[in-house]
Structures are given as C-alpha cells and as structure tokens.
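Peer 1: Got a structure for you, protein11.txt, holding compact mmCIF, N, CA and C atoms.
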# COMPACT_ATOMS: atom_id res chain seq x y z
N MET L 1 -141.76 8.69 146.15
CA MET L 1 -140.97 9.37 145.15
C MET L 1 -141.56 9.09 143.76
N GLU L 2 -141.71 10.14 142.99
CA GLU L 2 -142.28 10.03 141.65
C GLU L 2 -141.27 9.40 140.68
N LYS L 3 -141.73 8.38 139.96
CA LYS L 3 -140.88 7.71 138.97
C LYS L 3 -141.47 7.94 137.59
N TRP L 4 -140.60 8.12 136.60
CA TRP L 4 -141.02 8.38 135.22
C TRP L 4 -140.64 7.21 134.34
N ALA L 5 -141.49 6.89 133.36
CA ALA L 5 -141.22 5.81 132.40
C ALA L 5 -141.70 6.24 131.02
N ASP L 6 -140.99 5.78 129.99
CA ASP L 6 -141.38 6.08 128.62
C ASP L 6 -142.74 5.45 128.30
N ILE L 7 -143.49 6.12 127.44
CA ILE L 7 -144.77 5.60 126.98
C ILE L 7 -144.51 4.75 125.76
N LYS L 8 -145.02 3.52 125.77
CA LYS L 8 -144.79 2.58 124.67
C LYS L 8 -145.31 3.17 123.35
N GLY L 9 -144.46 3.14 122.34
CA GLY L 9 -144.79 3.72 121.04
C GLY L 9 -144.40 5.18 120.92
N PHE L 10 -144.09 5.82 122.05
CA PHE L 10 -143.70 7.23 122.07
C PHE L 10 -142.38 7.40 122.83
N GLU L 11 -141.52 6.38 122.79
CA GLU L 11 -140.25 6.41 123.51
C GLU L 11 -139.40 7.59 123.03
N GLY L 12 -138.77 8.27 123.97
CA GLY L 12 -137.94 9.42 123.64
C GLY L 12 -138.73 10.69 123.35
N MET L 13 -140.07 10.60 123.42
CA MET L 13 -140.92 11.77 123.16
C MET L 13 -141.76 12.14 124.38
N TYR L 14 -142.39 11.13 125.00
CA TYR L 14 -143.28 11.37 126.14
C TYR L 14 -143.02 10.35 127.24
N GLN L 15 -143.26 10.79 128.50
CA GLN L 15 -143.13 9.92 129.66
C GLN L 15 -144.34 10.11 130.56
N VAL L 16 -144.64 9.07 131.36
CA VAL L 16 -145.73 9.12 132.33
C VAL L 16 -145.13 8.80 133.70
N SER L 17 -145.71 9.39 134.75
CA SER L 17 -145.18 9.18 136.10
C SER L 17 -146.13 8.34 136.95
N THR L 18 -145.62 7.89 138.07
CA THR L 18 -146.42 7.13 139.02
C THR L 18 -147.53 7.99 139.62
N GLU L 19 -147.39 9.32 139.55
CA GLU L 19 -148.40 10.25 140.07
C GLU L 19 -149.46 10.59 139.03
N GLY L 20 -149.35 10.03 137.83
CA GLY L 20 -150.35 10.27 136.80
C GLY L 20 -150.11 11.52 135.98
N ARG L 21 -148.89 12.03 136.01
CA ARG L 21 -148.57 13.19 135.18
C ARG L 21 -147.88 12.72 133.91
N VAL L 22 -148.08 13.46 132.82
CA VAL L 22 -147.47 13.13 131.53
C VAL L 22 -146.62 14.32 131.10
N ARG L 23 -145.42 14.05 130.60
CA ARG L 23 -144.55 15.12 130.15
C ARG L 23 -143.93 14.79 128.81
N SER L 24 -143.59 15.84 128.08
CA SER L 24 -142.80 15.67 126.87
C SER L 24 -141.34 15.73 127.30
N VAL L 25 -140.47 15.16 126.49
CA VAL L 25 -139.05 15.06 126.83
C VAL L 25 -138.27 16.07 125.99
N ASP L 26 -137.24 16.69 126.58
CA ASP L 26 -136.35 17.56 125.81
C ASP L 26 -135.77 16.75 124.66
N ARG L 27 -135.83 17.31 123.44
CA ARG L 27 -135.27 16.60 122.30
C ARG L 27 -134.94 17.57 121.18
N VAL L 28 -134.14 17.08 120.24
CA VAL L 28 -133.76 17.86 119.07
C VAL L 28 -134.18 17.06 117.84
N THR L 29 -134.89 17.71 116.91
CA THR L 29 -135.30 17.03 115.69
C THR L 29 -134.69 17.72 114.48
N GLU L 30 -134.48 16.96 113.45
CA GLU L 30 -133.93 17.47 112.19
C GLU L 30 -135.09 17.93 111.31
N MET L 31 -135.04 19.17 110.86
CA MET L 31 -136.10 19.73 110.03
C MET L 31 -135.51 20.17 108.69
N VAL L 32 -136.32 20.09 107.64
CA VAL L 32 -135.91 20.58 106.32
C VAL L 32 -137.00 21.51 105.82
N ARG L 33 -136.59 22.72 105.46
CA ARG L 33 -137.55 23.70 104.96
C ARG L 33 -136.91 24.43 103.78
N HIS L 34 -137.57 24.39 102.66
CA HIS L 34 -137.08 25.02 101.45
C HIS L 34 -135.68 24.52 101.09
N GLY L 35 -135.46 23.24 101.33
CA GLY L 35 -134.18 22.61 100.99
C GLY L 35 -133.06 22.89 101.98
N ILE L 36 -133.35 23.61 103.04
CA ILE L 36 -132.34 23.92 104.05
C ILE L 36 -132.60 23.07 105.28
N SER L 37 -131.57 22.36 105.73
CA SER L 37 -131.68 21.48 106.88
C SER L 37 -131.24 22.22 108.15
N TYR L 38 -131.99 22.06 109.23
CA TYR L 38 -131.62 22.67 110.50
C TYR L 38 -132.18 21.84 111.65
N GLU L 39 -131.68 22.10 112.85
CA GLU L 39 -132.14 21.40 114.05
C GLU L 39 -133.17 22.24 114.77
N MET L 40 -134.22 21.59 115.25
CA MET L 40 -135.23 22.27 116.03
C MET L 40 -135.22 21.68 117.44
N ARG L 41 -135.10 22.54 118.43
CA ARG L 41 -135.06 22.10 119.82
C ARG L 41 -136.46 22.18 120.44
N HIS L 42 -136.85 21.11 121.12
CA HIS L 42 -138.14 21.06 121.80
C HIS L 42 -137.88 20.92 123.29
N LYS L 43 -138.34 21.89 124.07
CA LYS L 43 -138.17 21.84 125.52
C LYS L 43 -139.31 21.04 126.13
N GLY L 44 -138.99 20.09 126.99
CA GLY L 44 -140.00 19.26 127.63
C GLY L 44 -140.85 20.04 128.62
N LYS L 45 -142.10 19.59 128.81
CA LYS L 45 -143.00 20.22 129.77
C LYS L 45 -144.08 19.24 130.20
N ILE L 46 -144.72 19.53 131.32
CA ILE L 46 -145.85 18.74 131.78
C ILE L 46 -147.05 19.10 130.89
N LEU L 47 -147.74 18.08 130.37
CA LEU L 47 -148.85 18.31 129.46
C LEU L 47 -150.16 18.56 130.23
N LYS L 48 -151.01 19.37 129.64
CA LYS L 48 -152.32 19.64 130.21
C LYS L 48 -153.24 18.46 129.90
N THR L 49 -154.16 18.20 130.80
CA THR L 49 -155.09 17.09 130.61
C THR L 49 -156.51 17.62 130.49
N SER L 50 -157.38 16.76 130.03
CA SER L 50 -158.81 17.07 129.99
C SER L 50 -159.54 15.89 130.62
N VAL L 51 -160.83 16.05 130.83
CA VAL L 51 -161.63 14.99 131.44
C VAL L 51 -162.69 14.55 130.44
N ASN L 52 -162.80 13.23 130.22
CA ASN L 52 -163.82 12.74 129.29
C ASN L 52 -165.19 12.69 129.97
N LYS L 53 -166.21 12.31 129.23
CA LYS L 53 -167.58 12.35 129.78
C LYS L 53 -167.81 11.36 130.91
N TYR L 54 -166.89 10.41 131.10
CA TYR L 54 -167.00 9.43 132.18
C TYR L 54 -166.18 9.82 133.41
N GLY L 55 -165.51 10.97 133.36
CA GLY L 55 -164.75 11.46 134.50
C GLY L 55 -163.29 11.05 134.53
N TYR L 56 -162.80 10.39 133.49
CA TYR L 56 -161.40 9.98 133.44
C TYR L 56 -160.55 11.06 132.78
N GLU L 57 -159.37 11.30 133.37
CA GLU L 57 -158.44 12.24 132.76
C GLU L 57 -157.82 11.63 131.52
N ARG L 58 -157.62 12.48 130.53
CA ARG L 58 -157.00 12.01 129.29
C ARG L 58 -156.01 13.07 128.80
N VAL L 59 -155.12 12.63 127.90
CA VAL L 59 -154.11 13.52 127.37
C VAL L 59 -153.95 13.23 125.88
N GLN L 60 -153.57 14.24 125.13
CA GLN L 60 -153.38 14.06 123.70
C GLN L 60 -151.89 14.12 123.38
N LEU L 61 -151.37 13.05 122.75
CA LEU L 61 -149.98 12.97 122.33
C LEU L 61 -149.93 13.05 120.81
N THR L 62 -148.85 13.61 120.28
CA THR L 62 -148.71 13.75 118.84
C THR L 62 -147.48 13.00 118.37
N LYS L 63 -147.65 12.25 117.28
CA LYS L 63 -146.54 11.52 116.67
C LYS L 63 -146.72 11.60 115.16
N ASP L 64 -145.68 12.04 114.46
CA ASP L 64 -145.73 12.21 113.00
C ASP L 64 -146.91 13.08 112.59
N SER L 65 -147.12 14.16 113.30
CA SER L 65 -148.20 15.13 113.04
C SER L 65 -149.60 14.55 113.17
N LYS L 66 -149.74 13.42 113.84
CA LYS L 66 -151.05 12.80 114.04
C LYS L 66 -151.36 12.76 115.54
N PRO L 67 -152.53 13.26 115.97
CA PRO L 67 -152.87 13.25 117.39
C PRO L 67 -153.42 11.90 117.85
N TYR L 68 -153.05 11.52 119.06
CA TYR L 68 -153.54 10.29 119.69
C TYR L 68 -154.02 10.67 121.10
N THR L 69 -155.21 10.22 121.48
CA THR L 69 -155.75 10.51 122.81
C THR L 69 -155.73 9.25 123.65
N PHE L 70 -155.22 9.38 124.89
CA PHE L 70 -155.11 8.24 125.81
C PHE L 70 -155.65 8.61 127.17
N SER L 71 -156.25 7.66 127.85
CA SER L 71 -156.62 7.83 129.26
C SER L 71 -155.35 7.68 130.09
N ILE L 72 -155.16 8.58 131.03
CA ILE L 72 -153.93 8.60 131.80
C ILE L 72 -153.78 7.35 132.66
N HIS L 73 -154.88 6.86 133.25
CA HIS L 73 -154.78 5.68 134.11
C HIS L 73 -154.29 4.47 133.30
N ARG L 74 -154.64 4.40 132.03
CA ARG L 74 -154.17 3.30 131.18
C ARG L 74 -152.68 3.44 130.86
N LEU L 75 -152.23 4.67 130.61
CA LEU L 75 -150.81 4.91 130.34
C LEU L 75 -149.96 4.51 131.54
N VAL L 76 -150.44 4.87 132.74
CA VAL L 76 -149.70 4.52 133.97
C VAL L 76 -149.65 3.00 134.12
N ALA L 77 -150.75 2.32 133.91
CA ALA L 77 -150.80 0.87 134.07
C ALA L 77 -149.88 0.17 133.07
N ILE L 78 -149.88 0.61 131.83
CA ILE L 78 -149.06 -0.05 130.80
C ILE L 78 -147.58 0.24 131.02
N ALA L 79 -147.23 1.47 131.34
CA ALA L 79 -145.82 1.86 131.44
C ALA L 79 -145.16 1.44 132.75
N LEU L 80 -145.91 1.38 133.83
CA LEU L 80 -145.27 1.20 135.13
C LEU L 80 -145.60 -0.11 135.83
N LEU L 81 -146.45 -0.93 135.26
CA LEU L 81 -146.76 -2.21 135.90
C LEU L 81 -146.14 -3.36 135.16
What is this file in structure tokens?
Peer 2:
Amino acid sequence: MEKWADIKGFEGMYQVSTEGRVRSVDRVTEMVRHGISYEMRHKGKILKTSVNKYGYERVQLTKDSKPYTFSIHRLVAIALL
C-alpha cells in the first residue's frame, strides 16, 4: 500500500510516496493584487519528473517563487525512513 509523507521544508505543499511519486497538496493561499485581497485555490496533482545525466529521477518544487530541484530517491529516504 502506498504511503504519503510531507517533504521536510515543504510541509503542507508537497508530499512524497513510498512508490517514489511526488504530489502537490490541495491548498488555499491568500493573495493581494492591486490592494484587493482574495483566496487562490490550488488543486493537488502528481508532479512530472525528469532524469538527470546520471539516470536519477528528479523533481522541481517551488517555494516562495523560488525553484528547488531534488532527486526523488533522496526525498523518499528523508521523508519515509
């Protein structure tokens, strides 16, 4: 059975599974545009991965508009072991 766990530093935003899949989590964020405050809903989904030059799958996560790239096997080891 596939188990999901939060990714350290990205709690409430992204999760990794025992099967090596990474997903974003359904969430609502507060946005302000032109002085008007509103809620923005983000629907969770399984993220697409890429393969680095050494053959390891990796995924790009975003936090505070800054991208971070992680190897999936490392995310699984840190989150689930």
Peer 1: Please report the interatomic distance between atom N of Leu80 of chain L and atom CA of Lys8 of chain L in Å with one decimal.
Peer 2: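 Atom-to-atom, atom N of Leu80 of chain L and atom CA of Lys8 of chain L are spaced 9.3 Å apart.
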Peer 1: One decimal, Å: what's the distance from atom CA of Glu57 of chain L over to atom CA of Lys43 of chain L, could you say?
Peer 2: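 One can read the atom CA of Glu57 of chain L to atom CA of Lys43 of chain L distance as 23.6 Å.
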Peer 1: What's around Arg27 of chain L at 9 Å? Count only C-alpha atoms, leave out sequence neighbours fewer than 5 positions away in its own chain, and write the answer as a PyMOL selection string.
Peer 2: chain L and resi 12-13+40-44
Peer 1: In terms of the shortest atom-to-atom distance over only C-alpha atoms, which of L:Val16, L:Ile36, L:Ile46, L:Ile72 is closest to Arg58 of chain L?
Peer 2: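 Of all the options, L:Ile72 lies closest to Arg58 of chain L.
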Peer 1: How many Å lie between atom CA of Thr18 of chain L and atom CA of Leu81 of chain L, rounded to one decimal?
Peer 2: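 Going from atom CA of Thr18 of chain L over to atom CA of Leu81 of chain L covers 9.9 Å.
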Peer 1: Using only C-alpha atoms, which of the listed residues (L:Leu47, L:Leu61, L:Ile7, L:Ile78) sits closest to Arg23 of chain L?
Peer 2: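 Among the listed residues, the smallest separation from Arg23 of chain L belongs to L:Leu47.
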Peer 1: Quick one: pick out all strand (DSSP E or B) residues within chain L from a backbone DSSP run and write them as a short mmCIF file (atom, residue, chain, number, x, y, z; two decimals) with N, CA and C atoms, keeping the file's coordinate frame.
Peer 2:
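See out_8.cif below for the written result:
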data_model
loop_
_atom_site.label_atom_id
_atom_site.label_comp_id
_atom_site.auth_asym_id
_atom_site.auth_seq_id
_atom_site.Cartn_x
_atom_site.Cartn_y
_atom_site.Cartn_z
N TRP L 4 -140.60 8.12 136.60
CA TRP L 4 -141.02 8.38 135.22
C TRP L 4 -140.64 7.21 134.34
N ALA L 5 -141.49 6.89 133.36
CA ALA L 5 -141.22 5.81 132.40
C ALA L 5 -141.70 6.24 131.02
N ASP L 6 -140.99 5.78 129.99
CA ASP L 6 -141.38 6.08 128.62
C ASP L 6 -142.74 5.45 128.30
N TYR L 14 -142.39 11.13 125.00
CA TYR L 14 -143.28 11.37 126.14
C TYR L 14 -143.02 10.35 127.24
N GLN L 15 -143.26 10.79 128.50
CA GLN L 15 -143.13 9.92 129.66
C GLN L 15 -144.34 10.11 130.56
N VAL L 16 -144.64 9.07 131.36
CA VAL L 16 -145.73 9.12 132.33
C VAL L 16 -145.13 8.80 133.70
N SER L 17 -145.71 9.39 134.75
CA SER L 17 -145.18 9.18 136.10
C SER L 17 -146.13 8.34 136.95
N VAL L 22 -148.08 13.46 132.82
CA VAL L 22 -147.47 13.13 131.53
C VAL L 22 -146.62 14.32 131.10
N ARG L 23 -145.42 14.05 130.60
CA ARG L 23 -144.55 15.12 130.15
C ARG L 23 -143.93 14.79 128.81
N SER L 24 -143.59 15.84 128.08
CA SER L 24 -142.80 15.67 126.87
C SER L 24 -141.34 15.73 127.30
N ARG L 27 -135.83 17.31 123.44
CA ARG L 27 -135.27 16.60 122.30
C ARG L 27 -134.94 17.57 121.18
N VAL L 28 -134.14 17.08 120.24
CA VAL L 28 -133.76 17.86 119.07
C VAL L 28 -134.18 17.06 117.84
N THR L 29 -134.89 17.71 116.91
CA THR L 29 -135.30 17.03 115.69
C THR L 29 -134.69 17.72 114.48
N GLU L 30 -134.48 16.96 113.45
CA GLU L 30 -133.93 17.47 112.19
C GLU L 30 -135.09 17.93 111.31
N MET L 31 -135.04 19.17 110.86
CA MET L 31 -136.10 19.73 110.03
C MET L 31 -135.51 20.17 108.69
N VAL L 32 -136.32 20.09 107.64
CA VAL L 32 -135.91 20.58 106.32
C VAL L 32 -137.00 21.51 105.82
N ARG L 33 -136.59 22.72 105.46
CA ARG L 33 -137.55 23.70 104.96
C ARG L 33 -136.91 24.43 103.78
N ILE L 36 -133.35 23.61 103.04
CA ILE L 36 -132.34 23.92 104.05
C ILE L 36 -132.60 23.07 105.28
N SER L 37 -131.57 22.36 105.73
CA SER L 37 -131.68 21.48 106.88
C SER L 37 -131.24 22.22 108.15
N TYR L 38 -131.99 22.06 109.23
CA TYR L 38 -131.62 22.67 110.50
C TYR L 38 -132.18 21.84 111.65
N GLU L 39 -131.68 22.10 112.85
CA GLU L 39 -132.14 21.40 114.05
C GLU L 39 -133.17 22.24 114.77
N MET L 40 -134.22 21.59 115.25
CA MET L 40 -135.23 22.27 116.03
C MET L 40 -135.22 21.68 117.44
N ARG L 41 -135.10 22.54 118.43
CA ARG L 41 -135.06 22.10 119.82
C ARG L 41 -136.46 22.18 120.44
N HIS L 42 -136.85 21.11 121.12
CA HIS L 42 -138.14 21.06 121.80
C HIS L 42 -137.88 20.92 123.29
N ILE L 46 -144.72 19.53 131.32
CA ILE L 46 -145.85 18.74 131.78
C ILE L 46 -147.05 19.10 130.89
N SER L 50 -157.38 16.76 130.03
CA SER L 50 -158.81 17.07 129.99
C SER L 50 -159.54 15.89 130.62
N VAL L 51 -160.83 16.05 130.83
CA VAL L 51 -161.63 14.99 131.44
C VAL L 51 -162.69 14.55 130.44
N GLU L 57 -159.37 11.30 133.37
CA GLU L 57 -158.44 12.24 132.76
C GLU L 57 -157.82 11.63 131.52
N ARG L 58 -157.62 12.48 130.53
CA ARG L 58 -157.00 12.01 129.29
C ARG L 58 -156.01 13.07 128.80
N VAL L 59 -155.12 12.63 127.90
CA VAL L 59 -154.11 13.52 127.37
C VAL L 59 -153.95 13.23 125.88
N GLN L 60 -153.57 14.24 125.13
CA GLN L 60 -153.38 14.06 123.70
C GLN L 60 -151.89 14.12 123.38
N LEU L 61 -151.37 13.05 122.75
CA LEU L 61 -149.98 12.97 122.33
C LEU L 61 -149.93 13.05 120.81
N THR L 62 -148.85 13.61 120.28
CA THR L 62 -148.71 13.75 118.84
C THR L 62 -147.48 13.00 118.37
N LYS L 63 -147.65 12.25 117.28
CA LYS L 63 -146.54 11.52 116.67
C LYS L 63 -146.72 11.60 115.16
N LYS L 66 -149.74 13.42 113.84
CA LYS L 66 -151.05 12.80 114.04
C LYS L 66 -151.36 12.76 115.54
N PRO L 67 -152.53 13.26 115.97
CA PRO L 67 -152.87 13.25 117.39
C PRO L 67 -153.42 11.90 117.85
N TYR L 68 -153.05 11.52 119.06
CA TYR L 68 -153.54 10.29 119.69
C TYR L 68 -154.02 10.67 121.10
N THR L 69 -155.21 10.22 121.48
CA THR L 69 -155.75 10.51 122.81
C THR L 69 -155.73 9.25 123.65
N PHE L 70 -155.22 9.38 124.89
CA PHE L 70 -155.11 8.24 125.81
C PHE L 70 -155.65 8.61 127.17
N SER L 71 -156.25 7.66 127.85
CA SER L 71 -156.62 7.83 129.26
C SER L 71 -155.35 7.68 130.09
#
Peer 1: Quick one: 3 Å padding each side, axis-aligned, all listed atoms of segment 44-63 of chain L - centre and edge lengths in Å to one decimal, as AutoDock Vina command-line options?
Peer 2:
--center_x -153.4 --center_y 14.8 --center_z 124.8 --size_x 34.8 --size_y 16.8 --size_z 25.4
Peer 1: Could you check which of L:Ser37, L:Thr62, L:Glu30, L:Val51 is closest to Phe10 of chain L, using all atoms listed in the file?
Peer 2: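 Distance minimum relative to Phe10 of chain L lands on L:Thr62.
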Peer 1: Could you tell me which of L:Phe70, L:Asp64, L:Glu39, L:Met31 comes closest to Asn52 of chain L if we count only C-alpha atoms?
Peer 2: L:Phe70
Peer 1: Using DSSP secondary structure from the backbone, list all helix (DSSP H, G or I) positions within segment 50-80 of chain L, as a ChimeraX atom specification.
Peer 2: /L:72-80
Peer 1: Would you list the residues near (-148.1, 6.8, 137.6), meaning any protein, DNA or RNA residue with an atom at most 10 Å from that point in file coordinates, counting only C-alpha atoms, as a PyMOL selection string?
Peer 2: chain L and resi 2-5+15-22+72-81
Peer 1: Atoms are missing here; could segment 29-51 of chain L be completed with N, CA, C and O atoms and written as a PDB file, in the coordinates of the input?
Peer 2:
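And here's out_13.pdb as it stands now:
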ATOM      1  N   THR L  29    -134.890  17.710 116.910  1.00  0.00           N
ATOM      2  CA  THR L  29    -135.300  17.030 115.690  1.00  0.00           C
ATOM      3  C   THR L  29    -134.690  17.720 114.480  1.00  0.00           C
ATOM      4  O   THR L  29    -134.421  18.928 114.506  1.00  0.00           O
ATOM      5  N   GLU L  30    -134.480  16.960 113.450  1.00  0.00           N
ATOM      6  CA  GLU L  30    -133.930  17.470 112.190  1.00  0.00           C
ATOM      7  C   GLU L  30    -135.090  17.930 111.310  1.00  0.00           C
ATOM      8  O   GLU L  30    -136.031  17.173 111.059  1.00  0.00           O
ATOM      9  N   MET L  31    -135.040  19.170 110.860  1.00  0.00           N
ATOM     10  CA  MET L  31    -136.100  19.730 110.030  1.00  0.00           C
ATOM     11  C   MET L  31    -135.510  20.170 108.690  1.00  0.00           C
ATOM     12  O   MET L  31    -134.355  20.558 108.616  1.00  0.00           O
ATOM     13  N   VAL L  32    -136.320  20.090 107.640  1.00  0.00           N
ATOM     14  CA  VAL L  32    -135.910  20.580 106.320  1.00  0.00           C
ATOM     15  C   VAL L  32    -137.000  21.510 105.820  1.00  0.00           C
ATOM     16  O   VAL L  32    -138.170  21.154 105.782  1.00  0.00           O
ATOM     17  N   ARG L  33    -136.590  22.720 105.460  1.00  0.00           N
ATOM     18  CA  ARG L  33    -137.550  23.700 104.960  1.00  0.00           C
ATOM     19  C   ARG L  33    -136.910  24.430 103.780  1.00  0.00           C
ATOM     20  O   ARG L  33    -135.829  24.996 103.923  1.00  0.00           O
ATOM     21  N   HIS L  34    -137.570  24.390 102.660  1.00  0.00           N
ATOM     22  CA  HIS L  34    -137.080  25.020 101.450  1.00  0.00           C
ATOM     23  C   HIS L  34    -135.680  24.520 101.090  1.00  0.00           C
ATOM     24  O   HIS L  34    -134.826  25.280 100.642  1.00  0.00           O
ATOM     25  N   GLY L  35    -135.460  23.240 101.330  1.00  0.00           N
ATOM     26  CA  GLY L  35    -134.180  22.610 100.990  1.00  0.00           C
ATOM     27  C   GLY L  35    -133.060  22.890 101.980  1.00  0.00           C
ATOM     28  O   GLY L  35    -131.935  22.451 101.779  1.00  0.00           O
ATOM     29  N   ILE L  36    -133.350  23.610 103.040  1.00  0.00           N
ATOM     30  CA  ILE L  36    -132.340  23.920 104.050  1.00  0.00           C
ATOM     31  C   ILE L  36    -132.600  23.070 105.280  1.00  0.00           C
ATOM     32  O   ILE L  36    -133.703  23.054 105.819  1.00  0.00           O
ATOM     33  N   SER L  37    -131.570  22.360 105.730  1.00  0.00           N
ATOM     34  CA  SER L  37    -131.680  21.480 106.880  1.00  0.00           C
ATOM     35  C   SER L  37    -131.240  22.220 108.150  1.00  0.00           C
ATOM     36  O   SER L  37    -130.237  22.940 108.137  1.00  0.00           O
ATOM     37  N   TYR L  38    -131.990  22.060 109.230  1.00  0.00           N
ATOM     38  CA  TYR L  38    -131.620  22.670 110.500  1.00  0.00           C
ATOM     39  C   TYR L  38    -132.180  21.840 111.650  1.00  0.00           C
ATOM     40  O   TYR L  38    -133.022  20.971 111.441  1.00  0.00           O
ATOM     41  N   GLU L  39    -131.680  22.100 112.850  1.00  0.00           N
ATOM     42  CA  GLU L  39    -132.140  21.400 114.050  1.00  0.00           C
ATOM     43  C   GLU L  39    -133.170  22.240 114.770  1.00  0.00           C
ATOM     44  O   GLU L  39    -133.015  23.450 114.899  1.00  0.00           O
ATOM     45  N   MET L  40    -134.220  21.590 115.250  1.00  0.00           N
ATOM     46  CA  MET L  40    -135.230  22.270 116.030  1.00  0.00           C
ATOM     47  C   MET L  40    -135.220  21.680 117.440  1.00  0.00           C
ATOM     48  O   MET L  40    -135.315  20.476 117.598  1.00  0.00           O
ATOM     49  N   ARG L  41    -135.100  22.540 118.430  1.00  0.00           N
ATOM     50  CA  ARG L  41    -135.060  22.100 119.820  1.00  0.00           C
ATOM     51  C   ARG L  41    -136.460  22.180 120.440  1.00  0.00           C
ATOM     52  O   ARG L  41    -137.144  23.191 120.297  1.00  0.00           O
ATOM     53  N   HIS L  42    -136.850  21.110 121.120  1.00  0.00           N
ATOM     54  CA  HIS L  42    -138.140  21.060 121.800  1.00  0.00           C
ATOM     55  C   HIS L  42    -137.880  20.920 123.290  1.00  0.00           C
ATOM     56  O   HIS L  42    -137.237  19.970 123.719  1.00  0.00           O
ATOM     57  N   LYS L  43    -138.340  21.890 124.070  1.00  0.00           N
ATOM     58  CA  LYS L  43    -138.170  21.840 125.520  1.00  0.00           C
ATOM     59  C   LYS L  43    -139.310  21.040 126.130  1.00  0.00           C
ATOM     60  O   LYS L  43    -140.478  21.274 125.803  1.00  0.00           O
ATOM     61  N   GLY L  44    -138.990  20.090 126.990  1.00  0.00           N
ATOM     62  CA  GLY L  44    -140.000  19.260 127.630  1.00  0.00           C
ATOM     63  C   GLY L  44    -140.850  20.040 128.620  1.00  0.00           C
ATOM     64  O   GLY L  44    -140.409  21.032 129.193  1.00  0.00           O
ATOM     65  N   LYS L  45    -142.100  19.590 128.810  1.00  0.00           N
ATOM     66  CA  LYS L  45    -143.000  20.220 129.770  1.00  0.00           C
ATOM     67  C   LYS L  45    -144.080  19.240 130.200  1.00  0.00           C
ATOM     68  O   LYS L  45    -144.323  18.236 129.530  1.00  0.00           O
ATOM     69  N   ILE L  46    -144.720  19.530 131.320  1.00  0.00           N
ATOM     70  CA  ILE L  46    -145.850  18.740 131.780  1.00  0.00           C
ATOM     71  C   ILE L  46    -147.050  19.100 130.890  1.00  0.00           C
ATOM     72  O   ILE L  46    -147.335  20.266 130.666  1.00  0.00           O
ATOM     73  N   LEU L  47    -147.740  18.080 130.370  1.00  0.00           N
ATOM     74  CA  LEU L  47    -148.850  18.310 129.460  1.00  0.00           C
ATOM     75  C   LEU L  47    -150.160  18.560 130.230  1.00  0.00           C
ATOM     76  O   LEU L  47    -150.375  18.024 131.312  1.00  0.00           O
ATOM     77  N   LYS L  48    -151.010  19.370 129.640  1.00  0.00           N
ATOM     78  CA  LYS L  48    -152.320  19.640 130.210  1.00  0.00           C
ATOM     79  C   LYS L  48    -153.240  18.460 129.900  1.00  0.00           C
ATOM     80  O   LYS L  48    -153.121  17.825 128.855  1.00  0.00           O
ATOM     81  N   THR L  49    -154.160  18.200 130.800  1.00  0.00           N
ATOM     82  CA  THR L  49    -155.090  17.090 130.610  1.00  0.00           C
ATOM     83  C   THR L  49    -156.510  17.620 130.490  1.00  0.00           C
ATOM     84  O   THR L  49    -156.784  18.783 130.788  1.00  0.00           O
ATOM     85  N   SER L  50    -157.380  16.760 130.030  1.00  0.00           N
ATOM     86  CA  SER L  50    -158.810  17.070 129.990  1.00  0.00           C
ATOM     87  C   SER L  50    -159.540  15.890 130.620  1.00  0.00           C
ATOM     88  O   SER L  50    -158.941  14.857 130.909  1.00  0.00           O
ATOM     89  N   VAL L  51    -160.830  16.050 130.830  1.00  0.00           N
ATOM     90  CA  VAL L  51    -161.630  14.990 131.440  1.00  0.00           C
ATOM     91  C   VAL L  51    -162.690  14.550 130.440  1.00  0.00           C
ATOM     92  O   VAL L  51    -163.393  15.384 129.866  1.00  0.00           O
TER      93      VAL L  51
END
